[in-house]
Amino acid sequence: AISCEEVSYRDKRLDKNFFTGYRKVDVRPNEVAVSLFIPFPRDSDEFFFGFKQCRRREDDIAIVNAGMRVKLSGDIIVDSCFSFGGMAPFTICCPALSTYFAGKPWSREIIDGALEVMDKALHLPHNVPGGQAEYRQSLTQSFLFKFFLQVSASSHRLSSAVQPGEESCLSHLTNNFVHEGVRGVQHSCFPSGTASQEAKGQAGQSTKHMAGDLHVTGKAVYTDDMPLLPDELHCELLVSTKARAKIVSIDASAAELVPGFVDFTSAKDIPGVNWVGSILPDEEVFATSQVYCVGQPLGVVVATSPAAAKEAMFAVKVAYEELPAVISIEDAIHERSYFDFGPALPHQTALTVGRVTSERHRHMDKAEALDALMKELSEDDNVAIAEGEIYLGGQEHFYLEPHATRVEPGENDEYIVTSSTQNPSKTQKLVSMVLGVPRHKIVSKCKRMGGGFGGKETRSCFFSAYAAVASHKLKRPLRLVLDRDVDMATSGQRHAFLARYKVAADKTTKKLLAASVELFNNGGWSTDLSVPVCERALFHCENVYFIPNTSFVGHVCKTNIPSNTAFRGFGGPQGMFVCEVYMDHIARELGTTREALAHENLYRIGQITPYGQELDEDHVFVMWQKILQTSDYENRRKAIEQFNLANRYVKRGLSIVGTKFGMSFTKTFMNQAGALVHVYQDGTVLVTHGGTEMGQGLHTKVAQVAASAFDIPLSAIYISETSTDKVANTHPTAASVGSDINGFAVLEACRKILEGLGPYLSRCRTPQPTTDEERISTLAKAATLAHFDRVNLSANGFYATPDISWDWVKYTGKPFYYFGHGVACTEVEVDALTGDHKVIRADVLHDVGNSLNPVIDIGQIEGAFVQGLGLFTIEQVVFNNNGHLFTKGPGTYKIPTALDIPRDFRVSLLPNAPSKSSTIHSSKGVGEPPLFLGSSAYFAIKNACYAAQRDALASLASHSCKISGGGLSQGTTRTLTNGCESDEDTIDTTDCASTNGHTSLNGAQSELQTGDPPSKASPLSPPYFRMDGGATSERIRLSCWDDMNVRVRKGDFDAARHWAPLA
């Protein structure tokens, strides 16, 4: 207890002396802050405004923030203060800026000088911790300009300083923290027939997720929610801290001293094999002599509690001898570090998809033939050629439930493995291999996952194997649940891709003639699923467009980062993104828009894909026409043009993107499923199938199939869990075909039961049952009669997708059973001064055939779209140059929140479009195809950036704009006129007829080419520029040209990547 007499107080001013170091302030150890005083401006001539820019608008720390204050006497600045966060290890003031402003009149003329002061006072080196040096400097200058406008607009005396078209940036996101309402509209329709004539919840009806109530009330049981078993232990992974190194020693003696420590399990304790893998056995369960990435497991520490296990894990000492590492795709290309395409194509490090229709070149290799054809086309004056490179970063799965598993040993080497996995049978297989126990003694179960998105298709199986080794050694049940940072740093992500492309089109007809693409994906240290991911990317490099001559070549880069793995879309979105990028590029060469060029080249029925599959549907063409109408595209495009002409620093963009997603596993043998169905004498049905539930509604849809088969309501169907002792030899729930193949397997099992039950149903059924209770009663009576007549009321079902196959050696077959289609039209608004953006409206039209459950399908479309929105905009995976993942938690890695979704979100299902293939109830899969539609936001953002560049080019054309010190090239002074770059001091706009070159303007690589001199009636059309994906605020800002960000001293856009290479 402390008496009042012993308490003392002091006032501390939050000035330049308050922050003393990184996360250190001038507060003594025995002091507690009891109050905070924030003064209001003292009079009408004192102004204060704050600014903040972050990766995500909500719930995020700032990249840069600022507080700015100025006091005026008349129009003269008598006092000012400028503080910045994100420009040093702690918040700093900029006294040089205050000194510069002192005594000067408040006018636009002072801004240029102030920016020069900031160039020097707030300069950041390219190797600054946190990276983004160029962007952070640009933000400080943008904030100062916004402050100038804000102060001017706040004073009637000064308001004339705000020029027309500038005021809109004051009410944009950076300055407006009022939440806007979100409006959502969903449209769906029932297939032919009246739903009211059917039992509640049967196939085709909209019904809520069967476990939805459990989810929202917190009653749903996940792996780590299971009660502890007697003697159950906890374990923690010990992982490598080096990207590539020899293991000198592992010393666990200090860990043994931790209270609660039980054991350290390593490779020497594995009774079975130590080399396993998702496809090829190229991963050690626990590393023995070398490590190949940060996060590679060395062993597990076992203790009586999670806290004790973690403390003991940190006490284990590992000594390394470091070796050179390959981190990024560029590093791998330089070192020629690639995986081969085994087992189908061993010793081959390049895979080609393509088709050349030219008779003169058919005898040649596909890549060589395309090169020869491209050479001929480049000599044709009526052919436009575009060539470039694009990068799309990876993506973290960020499922709500991290990897979790519990291993329970039983008698006679029996094991029950309960885990959060999309792949119970693969889990069973790996546990069997590492323990040396046959599979029939291992039961692998999954009741539900808290999200998977592909991240639990293979990597989850390894975590169960790690825990199983320790459980086997100790003969006790054991639980392993990863913390979020460990999960992100060890379990892999979506593959990053680098693509080099060349495309040709006819200048007159605007028809695509040929396209070649070379893809490189970052596989990580082991193959995992990187080869099939690359295959699917190659299968989607033409997206929704007919291109008669193609060559798509893929490589899987072998690097020293954790193995990247499956993620919703499985390479398809990356391949389609590359396609839309080269469509944008060639459209600029043709003098048109990507949307207009796309419309001219959409697939039609009967046309052939690059892999030889003939299309029997042209839904994208139909949907494109429909969304042009329903989205009011043309009127909105014109309105956006007028908006952009009227606003200098806030721009809007509109884009349309289509998707054609191949529906099947590309490995033919995986397109199979099994099921087990029991009918009970009370008229209820228990269903088990090989698919797993991860929140996507698979169990609900499959149960609806069974409900329709038995003509009973959904309430009479139950699915408990997925288990290998009920349905064996299953394949992962993936590729968007879970409902297709498992639904058919369940339907086949129901058919078998109904063969024996049919006569009894005929005797018991009333002419027209009108209630759900009557339907259940009818089945109960029939089942009871059948049971007394010794009729089997159980059956297993099996389904194998017909008419698909693919042979890479012969390059023949039909890889996809059908295609999922969709189209999206998205409008965005961009703050060109900060790179901030918001999605104003998105219209999505998607093809799901005759939907099994429209409301669940719409939910899947909305979720996929927003996840794609994250991939193509704000989400960014960053590795340090030593192979450590920097973005390994919610503090550094940002996914979209509820306030990042489109303000106006309209989702519709394509009506009257049953699948032409024989699918379950004529439906189509929906999990992955809509994800790519989120890229429509990226291309809308890019269109907004084009509008900002157009203003900059028009300004440059109207008067020479001299940029000193490195705006274009460090150490030189150059003049830009009419968008042309020259080493000469000045170029007159009238002499600039045709110049093609490359520069790095504001981080966006551009081909500078000009046409007619600009005028108010005919503003310049900016050329194509490279903007790697996703469209982060940094990339957006550095792609919107103006005097402020051109002046920032810089070298190459990616110069900071020695600190943070994008893997």
# chains A, B, ... in the order shown; residues from 1 in each chain; ligands from 1
>>> closest_atom_pairs(of="range 215-263 of chain A", to="range 414-425 of chain A", cutoff="9 Å", atoms="only C-alpha atoms", output="Markdown table")
| residue | atom | partner | partner_atom | distance |
| --- | --- | --- | --- | --- |
| A:Tyr222 | CA | A:Ser420 | CA | 7.7 |
| A:Thr223 | CA | A:Ser419 | CA | 6.0 |
| A:Asp224 | CA | A:Ser419 | CA | 8.9 |
>>> select_by_dssp(residues="range 8-145 of chain A", states="strand (DSSP E)", output="PDB file with C-alpha atoms, in the first residue's frame")
ATOM      1  CA  PHE A  19      10.848   9.722 -27.477  1.00  0.00           C
ATOM      2  CA  THR A  20      14.324   8.505 -26.547  1.00  0.00           C
ATOM      3  CA  GLY A  21      14.709   5.375 -28.694  1.00  0.00           C
ATOM      4  CA  LYS A  24      11.416   3.937 -25.469  1.00  0.00           C
ATOM      5  CA  VAL A  25       9.995   7.121 -23.954  1.00  0.00           C
ATOM      6  CA  GLU A  46      -3.931  28.104 -35.429  1.00  0.00           C
ATOM      7  CA  PHE A  47      -4.460  24.845 -37.307  1.00  0.00           C
ATOM      8  CA  PHE A  48      -3.657  21.229 -36.523  1.00  0.00           C
ATOM      9  CA  PHE A  49      -4.245  18.151 -38.667  1.00  0.00           C
ATOM     10  CA  GLY A  50      -3.122  14.545 -38.406  1.00  0.00           C
ATOM     11  CA  PHE A  51      -2.421  12.065 -41.193  1.00  0.00           C
ATOM     12  CA  LYS A  52      -1.906   8.337 -41.345  1.00  0.00           C
ATOM     13  CA  GLN A  53      -1.227   5.822 -44.089  1.00  0.00           C
ATOM     14  CA  CYS A  54      -1.175   2.099 -43.433  1.00  0.00           C
ATOM     15  CA  ALA A  62       0.891   3.292 -39.763  1.00  0.00           C
ATOM     16  CA  ILE A  63       3.556   3.026 -42.412  1.00  0.00           C
ATOM     17  CA  VAL A  64       3.956   6.770 -41.906  1.00  0.00           C
ATOM     18  CA  ASN A  65       1.862   9.129 -39.810  1.00  0.00           C
ATOM     19  CA  ALA A  66       2.191  12.799 -39.132  1.00  0.00           C
ATOM     20  CA  GLY A  67       0.974  15.579 -36.892  1.00  0.00           C
ATOM     21  CA  MET A  68       1.244  19.097 -38.306  1.00  0.00           C
ATOM     22  CA  ARG A  69       0.514  22.447 -36.656  1.00  0.00           C
ATOM     23  CA  VAL A  70       0.810  25.981 -37.950  1.00  0.00           C
ATOM     24  CA  LYS A  71      -0.046  29.384 -36.423  1.00  0.00           C
ATOM     25  CA  LEU A  72      -0.609  32.384 -38.645  1.00  0.00           C
ATOM     26  CA  SER A  73      -0.647  36.094 -38.075  1.00  0.00           C
ATOM     27  CA  ILE A  76       2.424  35.116 -42.178  1.00  0.00           C
ATOM     28  CA  ILE A  77       3.560  31.901 -40.481  1.00  0.00           C
ATOM     29  CA  VAL A  78       4.673  32.733 -36.950  1.00  0.00           C
ATOM     30  CA  ASP A  79       4.934  29.225 -35.462  1.00  0.00           C
ATOM     31  CA  SER A  80       4.781  25.653 -36.704  1.00  0.00           C
ATOM     32  CA  CYS A  81       5.611  22.090 -35.697  1.00  0.00           C
ATOM     33  CA  PHE A  82       5.853  18.952 -37.790  1.00  0.00           C
ATOM     34  CA  SER A  83       6.210  15.462 -36.314  1.00  0.00           C
ATOM     35  CA  PHE A  84       6.440  12.154 -38.129  1.00  0.00           C
ATOM     36  CA  GLY A  85       6.156   8.502 -37.224  1.00  0.00           C
ATOM     37  CA  ILE A  92      10.619  12.653 -34.656  1.00  0.00           C
ATOM     38  CA  CYS A  93      10.078  16.341 -35.244  1.00  0.00           C
TER      39      CYS A  93
END
>>> closest_atom_pairs(of="range 832-943 of chain A", to="range 378-395 of chain A", cutoff="10 Å", atoms="only C-alpha atoms", output="Markdown table")
| residue | atom | partner | partner_atom | distance |
| --- | --- | --- | --- | --- |
| A:Gln867 | CA | A:Gln395 | CA | 9.6 |
| A:Gly868 | CA | A:Gln395 | CA | 9.8 |
| A:Gly870 | CA | A:Gln395 | CA | 8.4 |
| A:Leu871 | CA | A:Gln395 | CA | 6.1 |
| A:Phe872 | CA | A:Leu392 | CA | 8.1 |
| A:Glu875 | CA | A:Gln395 | CA | 6.7 |
| A:Gln876 | CA | A:Gly393 | CA | 6.6 |
| A:Val877 | CA | A:Gly394 | CA | 5.8 |
| A:Val878 | CA | A:Gly393 | CA | 8.8 |
| A:Tyr893 | CA | A:Gln395 | CA | 9.5 |
| A:Ile895 | CA | A:Gln395 | CA | 9.4 |
>>> write_last_selection(atoms="N, CA, C and O atoms", output="tab-separated table (two decimals), in the first residue's frame")
chain	number	residue	atom	x	y	z
A	867	GLN	N	-11.12	-12.74	-50.92
A	867	GLN	CA	-9.79	-13.32	-50.76
A	867	GLN	C	-8.91	-12.99	-51.97
A	867	GLN	O	-7.71	-12.70	-51.83
A	868	GLY	N	-9.51	-12.99	-53.16
A	868	GLY	CA	-8.78	-12.55	-54.34
A	868	GLY	C	-8.45	-11.07	-54.28
A	868	GLY	O	-7.38	-10.64	-54.72
A	870	GLY	N	-7.72	-9.49	-51.64
A	870	GLY	CA	-6.52	-9.40	-50.80
A	870	GLY	C	-5.27	-9.76	-51.57
A	870	GLY	O	-4.25	-9.06	-51.49
A	871	LEU	N	-5.33	-10.86	-52.33
A	871	LEU	CA	-4.17	-11.30	-53.11
A	871	LEU	C	-3.69	-10.22	-54.06
A	871	LEU	O	-2.49	-9.95	-54.18
A	872	PHE	N	-4.63	-9.58	-54.76
A	872	PHE	CA	-4.26	-8.66	-55.82
A	872	PHE	C	-4.14	-7.21	-55.36
A	872	PHE	O	-3.84	-6.34	-56.16
A	875	GLU	N	-2.48	-7.58	-49.63
A	875	GLU	CA	-1.67	-8.62	-48.99
A	875	GLU	C	-0.29	-8.69	-49.63
A	875	GLU	O	-0.15	-8.68	-50.84
A	876	GLN	N	0.74	-8.79	-48.79
A	876	GLN	CA	2.11	-8.80	-49.29
A	876	GLN	C	2.97	-9.66	-48.39
A	876	GLN	O	3.09	-9.40	-47.20
A	877	VAL	N	3.56	-10.69	-48.98
A	877	VAL	CA	4.48	-11.57	-48.26
A	877	VAL	C	5.89	-11.02	-48.43
A	877	VAL	O	6.33	-10.74	-49.54
A	878	VAL	N	6.60	-10.86	-47.31
A	878	VAL	CA	7.96	-10.31	-47.36
A	878	VAL	C	8.91	-11.22	-46.59
A	878	VAL	O	8.66	-11.57	-45.44
A	893	TYR	N	1.20	-8.69	-41.50
A	893	TYR	CA	0.51	-9.22	-42.67
A	893	TYR	C	-0.97	-8.86	-42.58
A	893	TYR	O	-1.62	-9.17	-41.58
A	895	ILE	N	-4.83	-8.93	-44.07
A	895	ILE	CA	-5.87	-9.45	-44.94
A	895	ILE	C	-7.05	-8.47	-44.94
A	895	ILE	O	-7.16	-7.65	-44.04
>>> closest_residue(among="A:Leu233, A:Pro343, A:Met87, A:Trp275", to="Val481 in chain A", atoms="only C-alpha atoms")
A:Leu233
>>> residues_around(residues="range 589-598 of chain A", least_positions_apart="4", cutoff="7 Å", atoms="only C-alpha atoms", output="list of chain:residue names")
A:Ala384, A:Ala386, A:Lys507, A:Lys510, A:Met583, A:Asp584, A:His585, A:Leu602, A:Ser655, A:Ile656
>>> closest_atom_pairs(of="range 209-239 of chain A", to="range 313-333 of chain A", cutoff="8 Å", atoms="only C-alpha atoms", output="JSON lines")
{"residue": "A:Glu236", "atom": "CA", "partner": "A:Met313", "partner_atom": "CA", "distance": 6.6}
{"residue": "A:Leu237", "atom": "CA", "partner": "A:Met313", "partner_atom": "CA", "distance": 7.3}
{"residue": "A:Leu238", "atom": "CA", "partner": "A:Met313", "partner_atom": "CA", "distance": 6.0}
>>> write_last_selection(atoms="N, CA and C atoms", output="PDB file, in the first residue's frame")
ATOM      1  N   GLU A 236       5.916 -28.685 -28.735  1.00  0.00           N
ATOM      2  CA  GLU A 236       6.270 -27.471 -29.458  1.00  0.00           C
ATOM      3  C   GLU A 236       7.350 -27.831 -30.467  1.00  0.00           C
ATOM      4  N   LEU A 237       7.213 -27.296 -31.672  1.00  0.00           N
ATOM      5  CA  LEU A 237       8.215 -27.571 -32.707  1.00  0.00           C
ATOM      6  C   LEU A 237       9.502 -26.804 -32.437  1.00  0.00           C
ATOM      7  N   LEU A 238      10.607 -27.486 -32.599  1.00  0.00           N
ATOM      8  CA  LEU A 238      11.917 -26.829 -32.663  1.00  0.00           C
ATOM      9  C   LEU A 238      12.277 -26.733 -34.138  1.00  0.00           C
TER      10      LEU A 238
END
>>> atom_distance(atom1="CA of Leu498 in chain A", atom2="CA of Arg1026 in chain A")
12.6 Å
>>> residues_around(residues="Glu401 in chain A", least_positions_apart="3", cutoff="7 Å", atoms="only C-alpha atoms", output="VMD selection string")
chain A and resid 449 to 451
>>> closest_residue(among="A:His209, A:Lys456, A:Arg23, A:Arg55", to="Pro896 in chain A", atoms="only C-alpha atoms")
A:Arg55
>>> closest_residue(among="A:Asp282, A:Asp263, A:Glu167, A:Asp483", to="Lys888 in chain A", atoms="only C-alpha atoms")
A:Asp483
>>> residues_around(residues="Ala824 in chain A", least_positions_apart="4", cutoff="10 Å", atoms="only C-alpha atoms", output="number ranges by chain")
A: 623-624, 627-628, 631, 655-659, 842-846, 865, 906-907, 930, 932-937
>>> residues_around(residues="range 267-274 of chain A", least_positions_apart="2", cutoff="12 Å", atoms="only C-alpha atoms", output="count of residues only")
40
>>> residues_around(residues="range 688-692 of chain A", least_positions_apart="5", cutoff="8 Å", atoms="only C-alpha atoms", output="PyMOL selection string")
chain A and resi 421-423+446-448+673-677+698-699+719-723+726-728+730-733+738+742+745-746
>>> closest_residue(among="A:Gly86, A:Ala307, A:Pro902, A:His363", to="Gly131 in chain A", atoms="only C-alpha atoms")
A:Gly86
>>> closest_residue(among="A:Cys1040, A:Met210, A:Val301, A:Ile605", to="Met1027 in chain A", atoms="only C-alpha atoms")
A:Cys1040
